>>> print(open('input-v1.cif').read())   # mmCIF, C-alpha atoms
data_model
#
loop_
_atom_site.group_PDB
_atom_site.id
_atom_site.type_symbol
_atom_site.label_atom_id
_atom_site.label_comp_id
_atom_site.auth_asym_id
_atom_site.auth_seq_id
_atom_site.Cartn_x
_atom_site.Cartn_y
_atom_site.Cartn_z
ATOM 1 C CA MET P 1 95.266 257.648 -85.923
ATOM 2 C CA ARG P 2 91.587 257.289 -85.613
ATOM 3 C CA ALA P 3 89.423 256.455 -88.567
ATOM 4 C CA GLN P 4 87.548 259.456 -89.904
ATOM 5 C CA ASN P 5 84.156 257.773 -89.600
ATOM 6 C CA PHE P 6 84.766 256.974 -85.944
ATOM 7 C CA ARG P 7 82.431 259.174 -83.875
ATOM 8 C CA GLY P 8 83.971 259.097 -80.417
ATOM 9 C CA ASN P 9 85.631 256.948 -77.799
ATOM 10 C CA VAL P 10 82.916 257.271 -75.109
ATOM 11 C CA PHE P 11 79.287 256.204 -75.628
ATOM 12 C CA VAL P 12 76.708 257.970 -73.447
ATOM 13 C CA ALA P 13 73.123 256.644 -73.181
ATOM 14 C CA ASN P 14 69.989 257.806 -71.322
ATOM 15 C CA LEU P 15 70.646 261.486 -71.980
ATOM 16 C CA PRO P 16 67.993 264.089 -71.152
ATOM 17 C CA PRO P 17 65.839 264.730 -74.263
ATOM 18 C CA GLU P 18 66.794 268.421 -74.620
ATOM 19 C CA ILE P 19 70.575 268.222 -73.980
ATOM 20 C CA SER P 20 72.765 269.979 -76.550
ATOM 21 C CA ASP P 21 76.166 269.000 -77.895
ATOM 22 C CA GLU P 22 77.757 271.839 -75.893
ATOM 23 C CA GLN P 23 76.142 270.719 -72.628
ATOM 24 C CA LEU P 24 77.331 267.167 -73.242
ATOM 25 C CA ALA P 25 80.878 268.426 -73.855
ATOM 26 C CA GLU P 26 80.786 270.538 -70.677
ATOM 27 C CA ALA P 27 79.692 267.511 -68.625
ATOM 28 C CA PHE P 28 82.824 265.604 -69.682
ATOM 29 C CA ASP P 29 85.235 268.549 -69.794
ATOM 30 C CA ALA P 30 86.513 267.950 -66.249
ATOM 31 C CA PHE P 31 88.104 264.622 -67.256
ATOM 32 C CA GLY P 32 90.278 265.802 -70.128
ATOM 33 C CA ILE P 33 90.272 267.580 -73.443
ATOM 34 C CA VAL P 34 86.962 266.968 -75.219
ATOM 35 C CA LEU P 35 87.658 266.883 -78.937
ATOM 36 C CA SER P 36 83.998 266.550 -79.881
ATOM 37 C CA ALA P 37 80.623 265.731 -78.376
ATOM 38 C CA THR P 38 77.626 264.767 -80.454
ATOM 39 C CA VAL P 39 74.054 263.918 -79.517
ATOM 40 C CA ALA P 40 72.511 261.529 -82.043
ATOM 41 C CA HIS P 41 69.589 262.767 -84.170
ATOM 42 C CA ASP P 42 66.820 260.862 -85.933
ATOM 43 C CA PRO P 43 67.610 261.222 -89.645
ATOM 44 C CA GLU P 44 63.935 261.453 -90.652
ATOM 45 C CA THR P 45 62.536 263.830 -88.036
ATOM 46 C CA GLY P 46 65.719 265.561 -86.852
ATOM 47 C CA LYS P 47 64.625 264.954 -83.255
ATOM 48 C CA ARG P 48 67.405 264.400 -80.719
ATOM 49 C CA LEU P 49 67.807 260.805 -79.635
ATOM 50 C CA ARG P 50 68.779 260.035 -76.065
ATOM 51 C CA TYR P 51 72.324 258.863 -76.707
ATOM 52 C CA GLY P 52 75.540 260.397 -77.980
ATOM 53 C CA PHE P 53 79.283 260.106 -78.377
ATOM 54 C CA VAL P 54 82.068 262.059 -76.697
ATOM 55 C CA ASP P 55 85.596 262.018 -78.088
ATOM 56 C CA ILE P 56 88.101 262.546 -75.267
ATOM 57 C CA ALA P 57 91.735 263.144 -76.215
ATOM 58 C CA THR P 58 93.437 260.377 -74.228
ATOM 59 C CA GLU P 59 92.385 256.842 -73.466
ATOM 60 C CA ARG P 60 93.277 257.345 -69.815
ATOM 61 C CA ALA P 61 90.958 260.372 -69.532
ATOM 62 C CA ALA P 62 88.200 258.449 -71.319
ATOM 63 C CA LYS P 63 88.458 255.569 -68.831
ATOM 64 C CA LEU P 64 88.374 258.034 -65.927
ATOM 65 C CA ALA P 65 85.279 259.684 -67.402
ATOM 66 C CA VAL P 66 83.529 256.321 -67.780
ATOM 67 C CA ALA P 67 84.335 255.356 -64.191
ATOM 68 C CA SER P 68 83.139 258.695 -62.827
ATOM 69 C CA MET P 69 80.127 259.458 -65.028
ATOM 70 C CA ASN P 70 78.522 256.009 -65.295
ATOM 71 C CA GLY P 71 75.384 256.246 -63.169
ATOM 72 C CA ALA P 72 75.726 260.004 -62.607
ATOM 73 C CA ALA P 73 72.539 262.045 -62.946
ATOM 74 C CA ILE P 74 72.010 264.958 -65.337
ATOM 75 C CA ASP P 75 68.613 266.669 -65.087
ATOM 76 C CA GLY P 76 67.230 263.617 -63.261
ATOM 77 C CA TYR P 77 68.431 261.075 -65.847
ATOM 78 C CA ASN P 78 71.029 258.488 -64.761
ATOM 79 C CA LEU P 79 73.645 258.200 -67.503
ATOM 80 C CA ASP P 80 74.899 254.925 -68.930
ATOM 81 C CA VAL P 81 78.515 255.634 -69.955
ATOM 82 C CA ARG P 82 80.786 253.098 -71.657
ATOM 83 C CA ILE P 83 83.906 252.957 -73.779
ATOM 84 C CA SER P 84 82.724 252.970 -77.378
ATOM 85 C CA GLU P 85 83.723 250.005 -79.483
ATOM 86 C CA ARG P 86 84.941 250.702 -82.967
ATOM 87 C CA PRO P 87 82.743 249.281 -85.690
ATOM 88 C CA VAL P 88 84.135 246.052 -87.082
ATOM 89 C CA THR P 89 84.847 246.384 -90.773
ATOM 90 C CA ALA P 90 85.423 243.315 -92.867
ATOM 91 C CA LYS P 91 88.480 243.350 -95.063
ATOM 92 C CA LYS P 92 87.740 243.294 -98.754
ATOM 93 C CA PRO P 93 88.432 239.876 -100.221
ATOM 94 C CA ARG P 94 90.867 239.816 -103.109
ATOM 95 C CA THR P 95 89.224 239.409 -106.439
ATOM 96 C CA ALA P 96 90.432 236.670 -108.728
ATOM 97 C CA GLY P 97 91.581 239.140 -111.377
ATOM 98 C CA ALA P 98 93.564 241.343 -108.992
ATOM 99 C CA PRO P 99 97.300 241.283 -109.641
ATOM 100 C CA GLN P 100 99.341 239.760 -106.871
ATOM 101 C CA ARG P 101 102.764 241.012 -105.938
ATOM 102 C CA SER P 102 105.639 238.797 -106.918
ATOM 103 C CA PRO P 103 108.295 238.094 -104.298
ATOM 104 C CA ARG P 104 111.281 240.413 -104.329
ATOM 105 C CA ARG P 105 114.303 239.089 -106.162
ATOM 106 C CA VAL P 106 117.720 239.623 -104.658
ATOM 107 C CA MET P 107 120.511 240.166 -107.117
ATOM 108 C CA PRO P 108 124.018 239.006 -106.222
ATOM 109 C CA ARG P 109 126.524 241.768 -105.615
ATOM 110 C CA PRO P 110 129.695 241.905 -107.653
ATOM 111 C CA GLY P 111 132.676 240.680 -105.670
ATOM 112 C CA ASP P 112 130.618 238.466 -103.330
ATOM 113 C CA GLY P 113 132.617 235.456 -104.390
ATOM 114 C CA GLY P 114 130.237 234.583 -107.175
ATOM 115 C CA ASP P 115 131.729 234.168 -110.594
ATOM 116 C CA GLU P 116 130.879 236.826 -113.135
ATOM 117 C CA ARG P 117 128.988 235.082 -115.879
ATOM 118 C CA PRO P 118 128.131 236.724 -119.153
ATOM 119 C CA GLY P 119 124.515 237.798 -119.202
ATOM 120 C CA THR P 120 124.265 238.544 -115.466
ATOM 121 C CA PHE P 121 123.123 241.990 -114.434
ATOM 122 C CA THR P 122 125.715 244.159 -112.733
ATOM 123 C CA PRO P 123 124.390 247.501 -111.496
ATOM 124 C CA ARG P 124 126.593 250.462 -112.337
ATOM 125 C CA PRO P 125 126.483 253.812 -110.605
ATOM 126 C CA GLN P 126 124.847 256.482 -112.741
ATOM 127 C CA PRO P 127 126.752 259.729 -113.338
ATOM 128 C CA ARG P 128 125.414 262.694 -111.396
ATOM 129 C CA LYS P 129 123.446 265.220 -113.355
ATOM 130 C CA GLN P 130 124.605 268.783 -113.210
ATOM 131 C CA PRO P 131 122.283 271.110 -111.297
ATOM 132 C CA THR P 132 120.076 273.379 -113.381
ATOM 133 C CA PHE P 133 121.005 276.398 -111.299
ATOM 134 C CA GLN P 134 124.247 278.175 -110.533
ATOM 135 C CA VAL P 135 125.412 279.320 -107.148
ATOM 136 C CA GLU P 136 126.970 282.741 -107.017
ATOM 137 C CA ARG P 137 129.866 282.872 -104.622
ATOM 138 C CA ARG P 138 130.850 286.184 -103.098
ATOM 139 C CA ALA P 139 133.045 287.092 -100.195
ATOM 140 C CA LEU P 140 131.169 288.120 -97.084
ATOM 141 C CA PRO P 141 131.765 291.678 -95.839
ATOM 142 C CA ARG P 142 134.163 291.806 -92.923
ATOM 143 C CA ARG P 143 133.158 293.494 -89.690
ATOM 144 C CA SER P 144 135.396 296.246 -88.598
ATOM 145 C CA GLY P 145 135.720 296.274 -84.916
#
>>> encode(input="input-v1.cif", output="C-alpha cells")
Amino acid sequence: MRAQNFRGNVFVANLPPEISDEQLAEAFDAFGIVLSATVAHDPETGKRLRYGFVDIATERAAKLAVASMNGAAIDGYNLDVRISERPVTAKKPRTAGAPQRSPRRVMPRPGDGGDERPGTFTPRPQPRKQPTFQVERRALPRRSG
C-alpha cells in the first residue's frame, strides 16, 4: 500500500497559473483511473503554484501518461511530467534503552528420542472449555410433496 503522506505517483511541472485540480485530473483521465489530482498552493498566500501531483491507479498507466504528456501543451504551457519519487525517510535508530527481542527458544518435543529429565517442561493439552451458550436442536419440518 501507499504511504498516507504520499501525494501522487506523477509529478507535473510548468502548469498554467489558473489550472484547477479538476482540470488537471481531466487532462490525465485518458490514461487510467485518476485517484487524485492536486495543484500545489503557497501556504502563506494560498496562491496556486505551477506544479502538482496526479495519483494514477496503476504504475503502467502512470508510465503511459508520463510518456504521452511530457512536453504536451495546456493553455500554451509545455508540461514537464515525470514519475514522482517517494520521499526518502530515514529509519529511526534504536535507542540504547529500548528492549531488544531475545531469540526464540525451541523446546524439545516429548518422544523425540530425548530422555525425559526431571525439571524439563512438557507441554500438556489444556481441556476444552464448555461453550457459554446452548444450541437448541429441533427436527426440521418435512416437505410434503
>>> atom_distance(input="input-v1.cif", atom1="atom CA of Ser36 of chain P", atom2="atom CA of Ala67 of chain P")
19.3 Å
>>> residues_near_point(input="input-v1.cif", point="(89.5, 263.6, -69.5)", cutoff="8 Å", atoms="all atoms listed in the file", output="mmCIF file with C-alpha atoms, in the frame of the given file")
data_model
loop_
_atom_site.group_PDB
_atom_site.id
_atom_site.type_symbol
_atom_site.label_atom_id
_atom_site.label_comp_id
_atom_site.auth_asym_id
_atom_site.auth_seq_id
_atom_site.Cartn_x
_atom_site.Cartn_y
_atom_site.Cartn_z
ATOM 1 C CA PHE P 28 82.824 265.604 -69.682
ATOM 2 C CA ASP P 29 85.235 268.549 -69.794
ATOM 3 C CA ALA P 30 86.513 267.950 -66.249
ATOM 4 C CA PHE P 31 88.104 264.622 -67.256
ATOM 5 C CA GLY P 32 90.278 265.802 -70.128
ATOM 6 C CA ILE P 33 90.272 267.580 -73.443
ATOM 7 C CA VAL P 34 86.962 266.968 -75.219
ATOM 8 C CA ILE P 56 88.101 262.546 -75.267
ATOM 9 C CA ALA P 57 91.735 263.144 -76.215
ATOM 10 C CA THR P 58 93.437 260.377 -74.228
ATOM 11 C CA ARG P 60 93.277 257.345 -69.815
ATOM 12 C CA ALA P 61 90.958 260.372 -69.532
ATOM 13 C CA ALA P 62 88.200 258.449 -71.319
ATOM 14 C CA LEU P 64 88.374 258.034 -65.927
ATOM 15 C CA ALA P 65 85.279 259.684 -67.402
#
>>> axis_aligned_box(input="input-v1.cif", around="segment 48-54 of chain P", padding_each_side="3 Å", output="JSON")
{"center_x": 74.7, "center_y": 261.6, "center_z": -78.4, "size_x": 20.7, "size_y": 11.5, "size_z": 10.7}
>>> resolve_selection(input="input-v1.cif", expression="the PyMOL selection byres ((chain P and resi 75) around 12)", output="VMD selection string")
chain P and resid 14 to 19 23 to 24 27 72 to 74 76 to 79
>>> residues_around(input="input-v1.cif", residues="Arg48 of chain P", least_positions_apart="2", cutoff="12 Å", atoms="only C-alpha atoms", output="short mmCIF file (atom, residue, chain, number, x, y, z; two decimals) with C-alpha atoms, keeping the file's coordinate frame")
data_model
loop_
_atom_site.label_atom_id
_atom_site.label_comp_id
_atom_site.auth_asym_id
_atom_site.auth_seq_id
_atom_site.Cartn_x
_atom_site.Cartn_y
_atom_site.Cartn_z
CA ASN P 14 69.99 257.81 -71.32
CA LEU P 15 70.65 261.49 -71.98
CA PRO P 16 67.99 264.09 -71.15
CA PRO P 17 65.84 264.73 -74.26
CA GLU P 18 66.79 268.42 -74.62
CA ILE P 19 70.58 268.22 -73.98
CA SER P 20 72.76 269.98 -76.55
CA ASP P 21 76.17 269.00 -77.90
CA THR P 38 77.63 264.77 -80.45
CA VAL P 39 74.05 263.92 -79.52
CA ALA P 40 72.51 261.53 -82.04
CA HIS P 41 69.59 262.77 -84.17
CA ASP P 42 66.82 260.86 -85.93
CA PRO P 43 67.61 261.22 -89.64
CA GLU P 44 63.94 261.45 -90.65
CA THR P 45 62.54 263.83 -88.04
CA GLY P 46 65.72 265.56 -86.85
CA ARG P 50 68.78 260.04 -76.06
CA TYR P 51 72.32 258.86 -76.71
CA GLY P 52 75.54 260.40 -77.98
#
>>> atom_distance(input="input-v1.cif", atom1="atom CA of Gly71 of chain P", atom2="atom CA of Phe11 of chain P")
13.1 Å
>>> resolve_selection(input="input-v1.cif", expression="the PyMOL selection byres ((chain P and resi 84) around 6)", output="list in words")
Asn9, Val10, Phe11, Ile83 and Glu85 of chain P
>>> closest_residue(input="input-v1.cif", among="P:Gln126, P:Ser68, P:Thr132, P:Ser144", to="Arg82 of chain P", atoms="only C-alpha atoms")
P:Ser68
>>> atom_distance(input="input-v1.cif", atom1="atom CA of Lys47 of chain P", atom2="atom CA of Val81 of chain P")
21.4 Å
>>> closest_residue(input="input-v1.cif", among="P:Ala13, P:Val54, P:Leu140, P:Gln130", to="Glu26 of chain P", atoms="all atoms listed in the file")
P:Val54
